[in-house]
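Asker: Dropping in work02.txt, with compact mmCIF, C-alpha atoms and all ligand atoms.
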# COMPACT_ATOMS: atom_id res chain seq x y z
CA MET A 12 -90.70 -0.83 20.41
CA LYS A 13 -88.52 -0.56 17.36
CA THR A 14 -87.79 3.11 18.10
CA ASN A 15 -86.93 2.21 21.68
CA MET A 16 -84.40 -0.47 20.55
CA GLY A 17 -82.88 2.04 18.12
CA PHE A 18 -82.59 4.57 20.92
CA LYS A 19 -80.96 1.97 23.20
CA LYS A 20 -78.48 1.07 20.48
CA GLN A 21 -77.66 4.73 19.94
CA MET A 22 -77.21 5.22 23.68
CA SER A 23 -74.87 2.24 23.98
CA GLU A 24 -72.87 3.51 21.02
CA LEU A 25 -72.69 6.93 22.65
CA ALA A 26 -71.59 5.32 25.94
CA TYR A 27 -68.90 3.48 23.99
CA VAL A 28 -67.61 6.67 22.39
CA LEU A 29 -67.63 8.51 25.73
CA ALA A 30 -65.85 5.62 27.46
CA MET A 31 -63.20 5.54 24.75
CA GLU A 32 -62.71 9.31 25.19
CA VAL A 33 -62.07 8.71 28.88
CA PHE A 34 -59.73 5.76 28.39
CA MET A 35 -57.80 6.78 25.34
CA GLY A 36 -54.43 8.45 25.19
CA LYS A 37 -51.89 9.05 22.53
CA VAL A 38 -50.06 5.75 22.38
CA ASP A 39 -50.88 3.01 19.86
CA LEU A 40 -49.17 -0.20 20.98
CA HIS A 41 -50.21 -2.60 18.22
CA VAL A 42 -49.01 -1.78 14.71
CA HIS A 43 -47.93 -3.91 11.73
CA THR A 44 -45.63 -2.89 8.87
CA THR A 45 -44.39 -4.31 5.57
CA PHE A 46 -41.94 -6.40 7.61
CA SER A 47 -44.91 -8.73 8.21
CA ASP A 48 -48.42 -8.38 6.77
CA GLY A 49 -48.92 -4.62 6.99
CA ASN A 50 -48.94 -2.56 3.80
CA LEU A 51 -47.05 0.53 5.03
CA SER A 52 -43.31 0.61 5.67
CA PRO A 53 -42.05 1.43 9.18
CA TRP A 54 -41.21 4.95 7.96
CA GLU A 55 -44.71 5.45 6.51
CA VAL A 56 -46.34 4.15 9.68
CA VAL A 57 -44.34 6.55 11.85
CA GLU A 58 -45.09 9.47 9.53
CA LYS A 59 -48.78 8.60 9.80
CA GLY A 60 -48.43 8.46 13.58
CA TYR A 61 -46.90 11.94 13.48
CA ASN A 62 -49.82 13.23 11.41
CA LYS A 63 -52.22 11.72 13.94
CA LYS A 64 -50.28 13.41 16.77
CA LEU A 65 -49.39 10.15 18.49
CA GLN A 66 -46.76 10.29 21.23
CA ALA A 67 -45.52 6.72 20.93
CA LEU A 68 -46.00 3.71 18.66
CA GLY A 69 -45.51 0.03 19.43
CA ILE A 70 -44.17 -1.78 16.36
CA THR A 71 -45.52 -5.32 16.63
CA ASP A 72 -44.98 -7.23 13.41
CA HIS A 73 -45.86 -10.90 13.35
CA ASP A 74 -42.90 -13.07 14.40
CA THR A 75 -40.19 -10.53 13.55
CA MET A 76 -38.41 -7.57 15.12
CA GLN A 77 -36.75 -6.49 11.88
CA GLY A 78 -38.96 -3.47 11.26
CA ILE A 79 -38.04 -1.86 14.56
CA SER A 80 -34.77 -0.17 13.62
CA GLY A 81 -36.29 1.58 10.58
CA ALA A 82 -39.19 2.74 12.74
CA GLN A 83 -36.74 4.08 15.31
CA THR A 84 -34.89 6.05 12.63
CA ALA A 85 -38.21 7.55 11.52
CA GLY A 86 -39.20 8.05 15.17
CA ARG A 87 -36.13 10.25 15.73
CA LYS A 88 -37.01 12.34 12.69
CA PHE A 89 -40.71 12.76 13.59
CA GLY A 90 -40.26 12.98 17.37
CA ILE A 91 -42.25 9.83 18.13
CA GLU A 92 -41.10 7.28 20.69
CA ILE A 93 -40.93 3.77 19.25
CA ILE A 94 -41.75 0.90 21.59
CA PRO A 95 -39.95 -2.15 20.19
CA GLY A 96 -42.15 -5.21 19.99
CA PHE A 97 -43.38 -8.17 17.99
CA GLU A 98 -46.48 -10.37 17.92
CA PHE A 99 -45.64 -13.98 18.58
CA SER A 100 -48.06 -16.53 17.05
CA THR A 101 -48.08 -19.30 19.65
CA ASP A 102 -49.87 -22.61 20.11
CA TYR A 103 -52.15 -23.02 23.11
CA GLU A 104 -53.58 -26.55 23.16
CA GLY A 105 -54.06 -26.57 19.40
CA ASN A 106 -55.35 -22.99 19.14
CA GLU A 107 -53.39 -19.99 17.90
CA LEU A 108 -52.76 -17.42 20.60
CA HIS A 109 -50.96 -14.14 19.97
CA ILE A 110 -48.53 -12.86 22.58
CA LEU A 111 -47.11 -9.35 22.17
CA GLY A 112 -43.51 -9.11 23.31
CA TYR A 113 -42.33 -5.57 24.13
CA TYR A 114 -38.76 -4.43 24.83
CA CYS A 115 -37.05 -7.76 24.07
CA LYS A 116 -33.32 -7.65 23.54
CA GLN A 117 -33.04 -7.99 19.80
CA ASP A 118 -29.75 -9.87 20.03
CA ASN A 119 -31.14 -12.63 22.27
CA ILE A 120 -29.89 -15.73 20.53
CA ASN A 121 -32.67 -18.09 21.62
CA LEU A 122 -35.33 -15.69 20.43
CA ILE A 123 -33.52 -15.06 17.15
CA GLU A 124 -33.25 -18.80 16.52
CA MET A 125 -36.90 -19.37 17.32
CA LEU A 126 -38.00 -16.51 15.06
CA ASN A 127 -35.83 -17.93 12.27
CA THR A 128 -37.51 -21.33 12.68
CA VAL A 129 -40.92 -19.68 12.49
CA LYS A 130 -39.86 -17.65 9.47
CA SER A 131 -38.78 -20.69 7.46
CA SER A 132 -41.89 -22.61 8.48
CA ARG A 133 -43.98 -19.67 7.22
CA PHE A 134 -42.16 -19.81 3.88
CA ASP A 135 -42.58 -23.60 3.57
CA ARG A 136 -46.26 -23.26 4.37
CA MET A 137 -46.69 -20.57 1.72
CA VAL A 138 -45.12 -22.87 -0.89
CA ALA A 139 -47.50 -25.68 0.17
CA MET A 140 -50.54 -23.36 0.12
CA VAL A 141 -49.70 -22.07 -3.36
CA GLU A 142 -49.48 -25.71 -4.53
CA LYS A 143 -52.92 -26.42 -3.06
CA ILE A 144 -54.36 -23.31 -4.71
CA LYS A 145 -52.90 -24.42 -8.05
CA LYS A 146 -54.45 -27.88 -7.64
CA LEU A 147 -57.80 -26.16 -7.16
CA GLY A 148 -57.30 -24.80 -10.70
CA LEU A 149 -56.46 -21.19 -9.82
CA LYS A 150 -53.64 -19.68 -11.81
CA ILE A 151 -51.25 -18.24 -9.30
CA ASP A 152 -47.56 -18.75 -8.88
CA LEU A 153 -45.03 -18.47 -6.07
CA SER A 154 -43.45 -15.57 -7.97
CA ASP A 155 -46.70 -13.60 -7.50
CA ILE A 156 -46.25 -13.99 -3.76
CA LEU A 157 -42.56 -13.08 -3.91
CA ASN A 158 -43.51 -9.89 -5.74
CA THR A 159 -46.02 -9.01 -3.02
CA VAL A 160 -44.07 -9.79 0.14
CA LYS A 161 -41.76 -6.92 1.05
CA GLY A 162 -40.10 -8.38 4.16
CA ASP A 163 -39.36 -12.03 4.82
CA ILE A 164 -42.41 -13.01 6.87
CA PHE A 165 -44.82 -14.83 4.59
CA GLY A 166 -48.40 -14.54 5.79
CA ARG A 167 -51.78 -15.61 4.54
CA PRO A 168 -52.81 -11.97 3.95
CA HIS A 169 -50.15 -11.85 1.19
CA LEU A 170 -51.76 -14.85 -0.48
CA ALA A 171 -55.18 -13.24 0.00
CA ALA A 172 -53.89 -10.06 -1.69
CA VAL A 173 -52.67 -12.06 -4.70
CA LEU A 174 -56.01 -13.92 -4.93
CA CYS A 175 -57.74 -10.52 -4.98
CA GLN A 176 -55.32 -9.03 -7.55
CA LYS A 177 -56.00 -12.00 -9.85
CA GLY A 178 -59.74 -11.50 -9.50
CA TYR A 179 -60.40 -14.78 -7.67
CA CYS A 180 -61.73 -12.98 -4.58
CA LYS A 181 -63.26 -9.59 -3.88
CA SER A 182 -61.77 -9.18 -0.43
CA SER A 183 -59.21 -10.62 1.92
CA ARG A 184 -62.09 -11.83 4.09
CA GLU A 185 -63.51 -13.78 1.14
CA ALA A 186 -60.09 -15.33 0.45
CA PHE A 187 -59.95 -16.55 4.06
CA GLU A 188 -63.51 -17.84 3.98
CA ARG A 189 -63.18 -19.70 0.68
CA TYR A 190 -59.57 -20.82 0.49
CA ILE A 191 -57.09 -20.11 3.24
CA GLY A 192 -58.92 -19.94 6.58
CA LYS A 193 -58.50 -22.87 8.97
CA GLY A 194 -60.36 -25.90 7.58
CA CYS A 195 -60.54 -24.43 4.04
CA PRO A 196 -59.22 -26.30 0.96
CA ALA A 197 -55.89 -24.47 0.67
CA TYR A 198 -55.16 -24.16 4.40
CA VAL A 199 -51.84 -25.55 5.63
CA GLU A 200 -50.65 -25.64 9.26
CA ARG A 201 -47.31 -24.22 10.24
CA PHE A 202 -44.96 -24.46 13.18
CA LYS A 203 -45.87 -22.41 16.25
CA VAL A 204 -44.05 -22.21 19.54
CA ASN A 205 -45.97 -23.40 22.60
CA THR A 206 -47.57 -20.40 24.37
CA PHE A 207 -45.78 -20.94 27.70
CA GLU A 208 -42.46 -21.43 25.95
CA GLY A 209 -43.10 -18.24 23.95
CA ILE A 210 -43.86 -16.23 27.10
CA ASP A 211 -40.75 -17.63 28.75
CA MET A 212 -38.58 -16.72 25.74
CA ILE A 213 -39.85 -13.13 25.85
CA VAL A 214 -39.12 -12.89 29.58
CA ARG A 215 -35.63 -14.39 29.14
CA ALA A 216 -34.97 -11.83 26.39
CA GLY A 217 -35.72 -9.09 28.95
CA GLY A 218 -39.14 -8.35 27.45
CA ILE A 219 -42.72 -7.85 28.61
CA PRO A 220 -45.22 -10.50 27.42
CA VAL A 221 -48.78 -9.24 26.84
CA LEU A 222 -51.79 -11.29 25.75
CA ALA A 223 -53.04 -9.81 22.44
CA HIS A 224 -56.78 -9.34 21.74
CA PRO A 225 -58.08 -11.88 24.32
CA GLY A 226 -61.64 -11.19 23.14
CA ILE A 227 -61.16 -13.17 19.95
CA TYR A 228 -60.29 -16.44 21.71
CA GLY A 229 -63.37 -16.83 23.93
CA ALA A 230 -61.25 -18.63 26.51
CA ASP A 231 -60.75 -16.23 29.42
CA GLU A 232 -60.22 -19.14 31.81
CA MET A 233 -56.71 -19.60 30.42
CA ILE A 234 -55.58 -16.16 31.64
CA PRO A 235 -54.64 -17.18 35.24
CA SER A 236 -52.37 -19.94 33.94
CA LEU A 237 -50.74 -17.52 31.48
CA LYS A 238 -50.14 -15.13 34.38
CA ASN A 239 -48.51 -17.99 36.30
CA GLY A 240 -46.40 -18.62 33.21
CA GLY A 241 -45.01 -15.07 33.31
CA LEU A 242 -47.58 -12.95 31.45
CA SER A 243 -47.23 -9.26 32.41
CA GLY A 244 -50.07 -7.58 30.57
CA ILE A 245 -53.31 -7.90 28.67
CA GLU A 246 -54.50 -5.98 25.62
CA VAL A 247 -57.75 -4.56 26.96
CA PHE A 248 -58.23 -2.03 24.15
CA HIS A 249 -58.44 -3.54 20.67
CA PRO A 250 -60.75 -2.89 17.70
CA ASP A 251 -62.34 -6.33 18.14
CA HIS A 252 -63.35 -5.58 21.75
CA ASP A 253 -66.76 -4.10 22.45
CA LEU A 254 -67.52 -2.19 25.64
CA ASP A 255 -68.45 -5.40 27.52
CA ALA A 256 -65.10 -6.95 26.60
CA ILE A 257 -63.22 -3.80 27.63
CA PHE A 258 -64.81 -3.81 31.09
CA ARG A 259 -64.35 -7.59 31.46
CA TYR A 260 -60.63 -7.43 30.64
CA LYS A 261 -60.10 -4.34 32.80
CA LYS A 262 -61.49 -6.34 35.72
CA ILE A 263 -59.33 -9.37 34.85
CA ALA A 264 -56.29 -7.09 34.60
CA SER A 265 -56.99 -5.71 38.06
CA ASP A 266 -57.72 -9.17 39.57
CA TYR A 267 -54.49 -10.67 38.22
CA ASN A 268 -52.29 -7.60 38.45
CA LEU A 269 -51.72 -7.34 34.69
CA ILE A 270 -50.75 -4.15 32.85
CA ILE A 271 -53.56 -2.80 30.65
CA THR A 272 -52.40 -2.17 27.09
CA GLY A 273 -54.12 -1.39 23.82
CA GLY A 274 -53.68 -0.57 20.18
CA SER A 275 -55.27 -0.44 16.76
CA ASP A 276 -53.76 -3.63 15.24
CA PHE A 277 -53.24 -1.44 12.18
CA HIS A 278 -52.24 -3.37 9.04
CA GLY A 279 -52.64 -0.57 6.49
CA GLU A 280 -55.52 1.17 4.84
CA GLU A 281 -56.74 -1.80 2.83
CA ILE A 282 -55.67 -4.90 4.73
CA GLY A 283 -57.67 -6.87 7.28
CA SER A 284 -60.03 -5.07 9.59
CA ALA A 285 -60.89 -1.45 8.94
CA SER A 286 -58.88 -0.38 11.97
CA GLN A 287 -56.91 2.78 11.33
CA LEU A 288 -53.67 3.81 13.01
CA GLY A 289 -54.40 5.57 16.30
CA ASN A 290 -58.07 4.53 16.37
CA VAL A 291 -57.42 2.58 19.55
CA THR A 292 -54.88 4.03 21.95
CA VAL A 293 -53.85 4.08 25.59
CA GLY A 294 -52.24 6.70 27.81
CA TYR A 295 -48.49 7.08 28.21
CA SER A 296 -48.74 5.69 31.76
CA CYS A 297 -48.98 2.24 30.13
CA VAL A 298 -45.52 2.74 28.60
CA GLU A 299 -44.20 3.92 31.97
CA LYS A 300 -45.53 0.77 33.65
CA MET A 301 -43.85 -1.44 31.07
CA LYS A 302 -40.60 0.45 31.50
CA SER A 303 -40.71 0.08 35.27
CA ILE A 304 -41.26 -3.70 35.00
CA GLN A 305 -38.47 -3.89 32.46
CA LYS A 306 -36.05 -2.20 34.87
CA THR A 307 -36.67 -4.93 37.43
CA LEU A 308 -35.74 -7.54 34.81
CA GLN A 309 -32.33 -6.02 34.02
P1 LIG B 401 -50.85 -16.06 9.24
O1 LIG B 401 -50.09 -15.40 10.37
O2 LIG B 401 -50.08 -16.14 7.99
O3 LIG B 401 -51.47 -17.38 9.65
O4 LIG B 401 -52.08 -15.09 8.90
C1 LIG B 401 -52.88 -14.59 9.94
C2 LIG B 401 -53.14 -13.10 9.70
O5 LIG B 401 -54.13 -13.01 8.71
C3 LIG B 401 -53.72 -12.39 10.91
O6 LIG B 401 -52.73 -11.82 11.71
C4 LIG B 401 -54.55 -11.30 10.28
O7 LIG B 401 -53.71 -10.22 9.92
C5 LIG B 401 -55.04 -11.94 8.98
N1 LIG B 401 -56.38 -12.57 9.05
C6 LIG B 401 -56.77 -13.60 9.83
N2 LIG B 401 -58.04 -13.94 9.59
C7 LIG B 401 -58.48 -13.10 8.61
C8 LIG B 401 -59.72 -12.93 7.92
N3 LIG B 401 -60.76 -13.71 8.17
N4 LIG B 401 -59.79 -11.96 6.97
C9 LIG B 401 -58.74 -11.17 6.71
N5 LIG B 401 -57.54 -11.27 7.33
C10 LIG B 401 -57.41 -12.21 8.27
FE FE B 402 -51.73 -9.74 10.73
FE FE B 403 -53.03 -10.80 16.39
ZN ZN B 404 -51.66 -7.84 15.24
Show me, as structure tokens, the structure contained in the file I just sent.
Answerer:
Amino acid sequence: MKTNMGFKKQMSELAYVLAMEVFMGKVDLHVHTTFSDGNLSPWEVVEKGYNKKLQALGITDHDTMQGISGAQTAGRKFGIEIIPGFEFSTDYEGNELHILGYYCKQDNINLIEMLNTVKSSRFDRMVAMVEKIKKLGLKIDLSDILNTVKGDIFGRPHLAAVLCQKGYCKSSREAFERYIGKGCPAYVERFKVNTFEGIDMIVRAGGIPVLAHPGIYGADEMIPSLKNGGLSGIEVFHPDHDLDAIFRYKKIASDYNLIITGGSDFHGEEIGSASQLGNVTVGYSCVEKMKSIQKTLQ
């Protein structure tokens, strides 16, 4: 019986690998850099993409588009197309929902103002979280965070990195579980734009809104209302999606006429999940679909 289960597991893993071979292409549409909580600069990320023979990379830092121009400079040098994007942390009925926004006009004033509001709220929250950590008796200081953050988006992974450096935690995961995850002693809320407002802002900035990693929310029933709110795509391929999730979201994408996207959600070699750049990719046809929608918006 045991052998049989092992065989079944092996077969399903093999099916997964084969399915990924069929689906995958050379475009990674979900990548973080040092402009948010990634640990490689835009240039380093693009160079890595070149080494992995990727055709295009979507730069999707949390709540900022500031890493895009550096990535584009590197993209010209390495011959990789850069898809401009960002990952908007939004609020859906009290839960955090990530919306990827591709091809937004970077000079859209409403979007710039909103991202500035989010940025300062992230900083204020970091100050408050550091205070809470100090009250718990841990010896860390805001200057430790300032030395770690390379861009101007302050994220909990930066605090997790400092907690690890100081020996208070062994991993980022442990830092989230003990101190900074939702409901933990040093957790502090921050401002997030309402999901529908966020989608609308992306559309008004000429961009394509895509629901990031739907598998982690466990709330597929919200997808039709997001589509009604202007959602154009859904991230079917993501390291947190197993084969069941991939097939479920492919079906949802076809039922609701949503573009299928995907990417590795790469944050760097050491940060977050073990996902490596280019581990999850889609074909270039996905980029072509986004471009054709974008043309109709202009
Ligand atoms: P923030 O945007 O500052 O609230 O931080 C959220 C980010 O932290 C996510 O985008 C992930 O990169 C990372 N993250 C969330 N949960 C965990 C976890 N349990 N372990 C490690 N990293 C996490
Ligand atoms: Fe992140
Ligand atoms: Fe995300
Ligand atoms: Zn991400």
Asker: Within 12 Å of ligand FE 403 (chain B), counting only C-alpha atoms and all ligand atoms: which residues, as a VMD selection string?
Answerer: chain A and resid 41 to 43 47 to 49 71 to 74 97 to 101 107 to 112 221 to 228 246 249 to 251 274 to 278 283 to 284
Asker: Choose the residue, out of A:Asn62, A:Ser303, A:Ser183, A:Gln287, that has the smallest atom-to-atom separation from A:Tyr114; count all atoms listed in the file.
Answerer: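 Closest residue, counting all atoms listed in the file: A:Ser303.
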Asker: One number please: atom CA of A:Glu185 to atom CA of A:Ser286, in Å, one decimal.
Answerer: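 For atom CA of A:Glu185 relative to atom CA of A:Ser286, the distance reads 17.8 Å.
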Asker: Need the shell around A:Gly217: protein/DNA/RNA residues with any atom at most 9 Å away, counting only C-alpha atoms. Skip same-chain ones fewer than 2 positions apart. Format as JSON, numbers by chain?
Answerer: {"A": [113, 114, 115, 116, 119, 212, 213, 214, 215, 219, 305, 308, 309]}
Asker: Write as a ChimeraX atom specification the residues around ligand LIG 401 (chain B), taking 6 Å as the cut-off and counting only C-alpha atoms and all ligand atoms.
Answerer: /A:166-168,183-184,187,283
Asker: With C-alpha atoms retained, write the just-selected residues as a PDB file, in the frame of the given file.
Answerer:
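As a result, out_15.pdb now contains:
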ATOM      1  CA  GLY A 166     -48.400 -14.540   5.790  1.00  0.00           C
ATOM      2  CA  ARG A 167     -51.780 -15.610   4.540  1.00  0.00           C
ATOM      3  CA  PRO A 168     -52.810 -11.970   3.950  1.00  0.00           C
ATOM      4  CA  SER A 183     -59.210 -10.620   1.920  1.00  0.00           C
ATOM      5  CA  ARG A 184     -62.090 -11.830   4.090  1.00  0.00           C
ATOM      6  CA  PHE A 187     -59.950 -16.550   4.060  1.00  0.00           C
ATOM      7  CA  GLY A 283     -57.670  -6.870   7.280  1.00  0.00           C
TER       8      GLY A 283
END
Asker: Let me know the centre plus edge lengths, in Å and rounded to one decimal, of a box with edges along x, y and z that contains all listed atoms of stretch 97-110 of chain A and is padded by 3 Å on every side, as JSON.
Answerer:
{"center_x": -49.4, "center_y": -17.4, "center_z": 20.1, "size_x": 18.0, "size_y": 24.4, "size_z": 12.1}
Asker: Between atom CA of A:Ile120 and atom CA of A:Gly209, what is the distance, to one decimal in Å?
Answerer: 13.9 Å
Asker: From the list A:Asn106, A:Thr292, A:Gln117, A:Thr45, which residue is nearest A:Lys161 when using all atoms listed in the file?
Answerer: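 Ranking A:Asn106, A:Thr292, A:Gln117, A:Thr45 by distance to A:Lys161, first place goes to A:Thr45.
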Asker: Rank A:Thr75, A:Ser132, A:Asn158, A:Ser265 by their smallest atom-to-atom distance to ligand ZN 404 (chain B), using all atoms listed in the file, and report the top residue only.
Answerer: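 Selected residue with least distance to ligand ZN 404 (chain B): A:Thr75.
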Asker: What is the distance between atom CA of A:Thr128 and atom CA of A:Thr159, in Å to one decimal?
Answerer: 21.7 Å
Asker: Could you write stretch 277-302 of chain A as a compact mmCIF listing (two decimals), in the coordinates of the input, with N, CA and C atoms rebuilt where they are missing?
Answerer:
# COMPACT_ATOMS: atom_id res chain seq x y z
N PHE A 277 -53.24 -2.02 13.53
CA PHE A 277 -53.24 -1.44 12.18
C PHE A 277 -52.39 -2.30 11.23
N HIS A 278 -52.97 -2.61 10.06
CA HIS A 278 -52.24 -3.37 9.04
C HIS A 278 -52.09 -2.55 7.75
N GLY A 279 -52.64 -1.35 7.73
CA GLY A 279 -52.64 -0.57 6.49
C GLY A 279 -54.06 -0.22 6.14
N GLU A 280 -54.18 0.68 5.17
CA GLU A 280 -55.52 1.17 4.84
C GLU A 280 -56.44 0.08 4.29
N GLU A 281 -55.87 -0.86 3.54
CA GLU A 281 -56.74 -1.80 2.83
C GLU A 281 -56.79 -3.19 3.44
N ILE A 282 -55.80 -3.50 4.30
CA ILE A 282 -55.67 -4.90 4.73
C ILE A 282 -56.46 -5.18 6.00
N GLY A 283 -57.07 -6.38 6.04
CA GLY A 283 -57.67 -6.87 7.28
C GLY A 283 -58.84 -6.02 7.74
N SER A 284 -58.91 -5.82 9.05
CA SER A 284 -60.03 -5.07 9.59
C SER A 284 -59.86 -3.60 9.19
N ALA A 285 -60.91 -2.85 9.37
CA ALA A 285 -60.89 -1.45 8.94
C ALA A 285 -60.15 -0.56 9.94
N SER A 286 -59.48 -1.17 10.91
CA SER A 286 -58.88 -0.38 11.97
C SER A 286 -57.78 0.54 11.43
N GLN A 287 -57.89 1.79 11.78
CA GLN A 287 -56.91 2.78 11.33
C GLN A 287 -55.89 3.06 12.44
N LEU A 288 -54.71 3.49 12.04
CA LEU A 288 -53.67 3.81 13.01
C LEU A 288 -54.20 4.86 14.00
N GLY A 289 -53.99 4.60 15.29
CA GLY A 289 -54.40 5.57 16.30
C GLY A 289 -55.88 5.53 16.65
N ASN A 290 -56.65 4.62 16.03
CA ASN A 290 -58.07 4.53 16.37
C ASN A 290 -58.29 3.96 17.76
N VAL A 291 -57.36 3.13 18.19
CA VAL A 291 -57.42 2.58 19.55
C VAL A 291 -56.07 2.90 20.20
N THR A 292 -56.12 3.61 21.31
CA THR A 292 -54.88 4.03 21.95
C THR A 292 -54.99 3.90 23.47
N VAL A 293 -53.86 4.02 24.13
CA VAL A 293 -53.85 4.08 25.59
C VAL A 293 -53.01 5.29 26.01
N GLY A 294 -53.03 5.58 27.30
CA GLY A 294 -52.24 6.70 27.81
C GLY A 294 -50.78 6.32 27.97
N TYR A 295 -49.93 7.33 28.10
CA TYR A 295 -48.49 7.08 28.21
C TYR A 295 -48.14 6.34 29.50
N SER A 296 -49.02 6.39 30.50
CA SER A 296 -48.74 5.69 31.76
C SER A 296 -48.53 4.19 31.51
N CYS A 297 -49.16 3.67 30.48
CA CYS A 297 -48.98 2.24 30.13
C CYS A 297 -47.52 1.97 29.77
N VAL A 298 -46.94 2.89 28.99
CA VAL A 298 -45.52 2.74 28.60
C VAL A 298 -44.64 2.83 29.85
N GLU A 299 -44.99 3.76 30.74
CA GLU A 299 -44.20 3.92 31.97
C GLU A 299 -44.24 2.65 32.82
N LYS A 300 -45.41 2.02 32.87
CA LYS A 300 -45.53 0.77 33.65
C LYS A 300 -44.65 -0.31 33.04
N MET A 301 -44.68 -0.41 31.72
CA MET A 301 -43.85 -1.44 31.07
C MET A 301 -42.38 -1.17 31.34
N LYS A 302 -42.00 0.11 31.27
CA LYS A 302 -40.60 0.45 31.50
C LYS A 302 -40.19 0.12 32.93
